[in-house]
Every structure is written in C-alpha cells, then in structure tokens.
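Participant: Quick one: the structure is below, and I'll ask about it shortly.
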Amino acid sequence: MTSKNLDFGTFAQDVMIGLSANPKTLPSKYFYDAKGDKLFQKIMALPEYYLTRKEFEIFENQYEAILEPILNLGQSFNLVELGAGDGLKTKILLKYLNQQDADFEYFPVDFSGSVLQELKESLATGFPKLKVTSVEDTYRGALKKRAWENGKPNLILFLGSNLGNFSREEAYDILDHLRIGANHNDFVLIGIDLKKNPQIILDAYHDPAGVTRDFNLNLLDRINRELNGDIDLDSFIHWPSYDPVSGECRSHLVSLKDQTINLKALDQSFYFEAFEPIFTEISKKYSLSEIEIFAERGGFVTIENFTDSEQYFADVLWQR
Ligand code: AVJ
C-alpha cells in the first residue's frame with residue numbers, strides 16, 4: 001500500500017468520525033491538499049494576515065542572533081523544520097548558514113507531499129549544494145520516528161504559528177513529543193502568534209476577499225472530490241470567532257439550512273440541523289508569559305524571545 005492510500009484511508013475515517021460526532025468537527029490538517037496549499041499561499045499574501053509578514057520581519061532583522069547559539073557549537077548539525085510549507089522564512093536562515101560555511105543538513109517535515117515537492121524544487125534552484133531530506137509525516141509521527149537522528153545536534157524549527165492549531169492540552173502533548181524527540185542541548189525555535197487587539201486577530205481570519213472562507217470550505221470540497229460527496233458549498237458559511245480570554249480563534253462552517261449530505265464513497269449520509277456548525281480549526285494566540293510556562297513545563301530553557309517591532313509575533317528559542 002502506498003502512503004497516499006494510507007492518507008486516503010485516514011481522511012475517510014477522520015471525516016466519518018468527525019461528522020458523526022456532536023458537535024461535528026473536521027481536522028484542520030486536511031485543509032492542505034494541492035488546492036488548500038494554493039489557498040494558504042494566497043492567505044499569506046493577504047493584507048489582513050499579518051502573521052507571515054511579522055515572522056518574516058523577525059527573521060530578516062534577527063537571523064544572526066537566532067542562529068548564533070547553534071553556530072557557536074562549531075559542529076555539523078541538522079536543521080529540522082516541522083511544517084515546512086514554502087520555506088520562505090527558512091531560506092533567510094539557509095542563506096546565512098551558507099555564507100557562514102556551516103556544515104548542516106536540512107530536513108523539512110510536512111504532511112503535504114505536494115508542498116514538499118515544490119519546496120525541494122525551489123531549493124534545488126536557490127541552494128544547489130544543500131543536503132535536503134524531506135519527511136512526509138505529521139508532527140507527532142515525525143518526532144517519534146526522527147528520520148534525522150544521526151548523533152549530531154539539532155535545531156528544530158516549528159514556525160508560522162503552527163503550534164496554534166492545537167488546543168492547550170494538545171499543545172502540551174506536542175511539546176512532550178518535542179522534548180522526547182529532541183536530544184539534550186538541542187535547540188527549538190517556535191513561532192507563536194501573540195495576543196493582541198482582538199479585532200486585528202479576527203480580521204486575519206475573516207478577510208473581505210473571502211480567501212479564508214474558500215480555504216475553510218475546501219474541507220467540504222475535498223470531501224466532495226475524494227469521498228464522492230454531494231455537499232452544496234453555498235449552503236455553508238465560514239464563521240471565525242476570537243475569544244480574548246483563551247486566545248482561541250476558532251473557525252466553523254455553519255449549515256444555513258436543514259439538510260442531509262451524502263458521501264457515496266463511504267455509503268454514508270449525515271444530517272445537519274439548520275445553523276448546525278462544524279468546528280474546523282483552532283488558531284490559538286498566546287502571551288509571552290504563557291509561553292514561558294510552556295517552556296518550563298515542557299522541560300526547556302528559554303534562550304531568547306525574538307519579536308517584531310509591534311510585538312504581534314514571537315519566535316522563541318529554547319534549549320532542551
Ligand atoms: C498555518 C496554522 C498557522 O492558523 O493562522 C490561516 C492556518 N487558517 N488562515 C493559522 C490558517 C486560516 C494558519 N496556520
């Protein structure tokens with residue numbers, strides 16, 4: 001069986017479980033098929049989606065300080081990236097590491113095979129001598145298998161507020177996997193979206209151009225395409241909300257009417273009451289003090305918190 005078949009099985013199973021639950025849910029990791037990857041690229045270019053630009057600013061202005069601790073080891077090392085995406089920010093690091101003649105290998109990890117393929121191609125052009133080994137897996141799967149383990153120190157990147165896609169409890173579980181997956185003295189750089197004016201946060205997930213709406217609805221479109229569904233996408237609306245207490249931005253798809261959807265590939269139907277929601281994504285925001293508690297509970301020492309000029313975003317550097 002190929003890994004594609006495995007993914008397909010998992011998607012079918014997870015859709016089955018999610019739509020049978022009350023309240024209904026669908027896992028956000030399934031946003032990222034070829035169409036979802038393209039939509040996310042468009043999201044990153046939206047004026048409202050400040051996250052990417054802010055983290056880019058941090059990297060552009062502070063790459064030397066970010067890389068100083070790993071370079072100071074004076075040894076060959078591994079650069080591991082969980083959720084590599086298009087690698088735009090990472091390329092700033094790669095460029096500097098090349099200038100410094102650093103001896104390292106790059107291990108991009110992503111759940112999307114199409115993303116890894118594109119990344120590999122763009123790296124082959126921009127960084128022809130770079131040793132790249134891509135890992136198609138979930139964060140937890142990759143941290144358990146540790147395809148990069150070769151006795152060298154690791155700098156593990158977990159950028160782009162990807163940790164925000166997990167609730168507090170799940171985030172603790174991911175951090176456990178990180179602690180267990182990292183060796184003593186390894187470094188971890190985590191990109192975290194900070195709590196800020198709630199309007200700014202909500203706007204980032206509710207753009208007037210409707211790109212985020214299409215991104216969210218792609219889950220239903222993907223069900224139609226891959227599971228032979230008959231879902232009328234116009235009968236659902238994209239509904240994000242932000243709770244400034246928990247820092248949770250939560251996205252839903254709300255059924256505008258009483259309806260039954262049929263998924264022929266699963267030989268299943270699911271009934272929706274009018275205005276019944278499907279919970280699709282959490283994008284959690286943190287304060288710097290909450291992050292410090294995370295580091296301590298996770299068994300890491302904070303080396304430095306890098307932030308942008310407006311303190312919208314942080315990249316925190318921890319050592320195991
Ligand atoms: C890629 C998970 C960081 O949560 O901000 C963007 C995904 N969802 N707009 C985020 C996303 C809606 C994004 N992450």
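Just so we're on the same page: first chain in the structure tokens is A, next is B, and so on; residues restart at 1 for each chain, and ligands are numbered from 1 in the order they show up.
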Find the residues near ligand 1. Use a cut-off of 7 Å, count only C-alpha atoms and all ligand atoms, and write them as a VMD selection string.
Facilitator: chain A and resid 40 43 160 to 162 164 to 165 205 212 282 to 283
Participant: Any idea what's packed within 10 Å of Phe59 of chain A, counting only C-alpha atoms, ignoring anything in its chain fewer than 5 positions away? Could you give it as a VMD selection string?
Facilitator: chain A and resid 53 to 54 64 to 66 89 to 93 306 to 308 315
Participant: Taking only residues of segment 173-242 of chain A that have an atom at most 10 Å from an atom of segment 119-142 of chain A, what is each one's shortest atom pair and its distance in Å to one decimal, using only C-alpha atoms, in chain and number order, as a Markdown table?
Facilitator:
```
| residue | atom | partner | partner_atom | distance |
| --- | --- | --- | --- | --- |
| A:Asp173 | CA | A:Arg140 | CA | 9.0 |
| A:Ile174 | CA | A:Arg140 | CA | 6.7 |
| A:Leu175 | CA | A:Arg140 | CA | 9.6 |
| A:Asp176 | CA | A:Arg140 | CA | 9.6 |
| A:His177 | CA | A:Arg140 | CA | 6.4 |
| A:Leu178 | CA | A:Arg140 | CA | 8.3 |
| A:Gly181 | CA | A:Ala142 | CA | 8.7 |
```
Participant: Considering only C-alpha atoms, state which residue in the set A:Asp33, A:Asn22, A:Ile261, A:Ile293 is at the smallest distance from Glu226 of chain A.
Facilitator: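 Checking each of A:Asp33, A:Asn22, A:Ile261, A:Ile293 against Glu226 of chain A, counting only C-alpha atoms, the winner is A:Asp33.
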Participant: Based on the backbone DSSP call, show me all residues of segment 29-135 of chain A assigned strand (DSSP E), as a VMD selection string.
Facilitator: chain A and resid 77 to 82 104 to 110 131 to 132 135
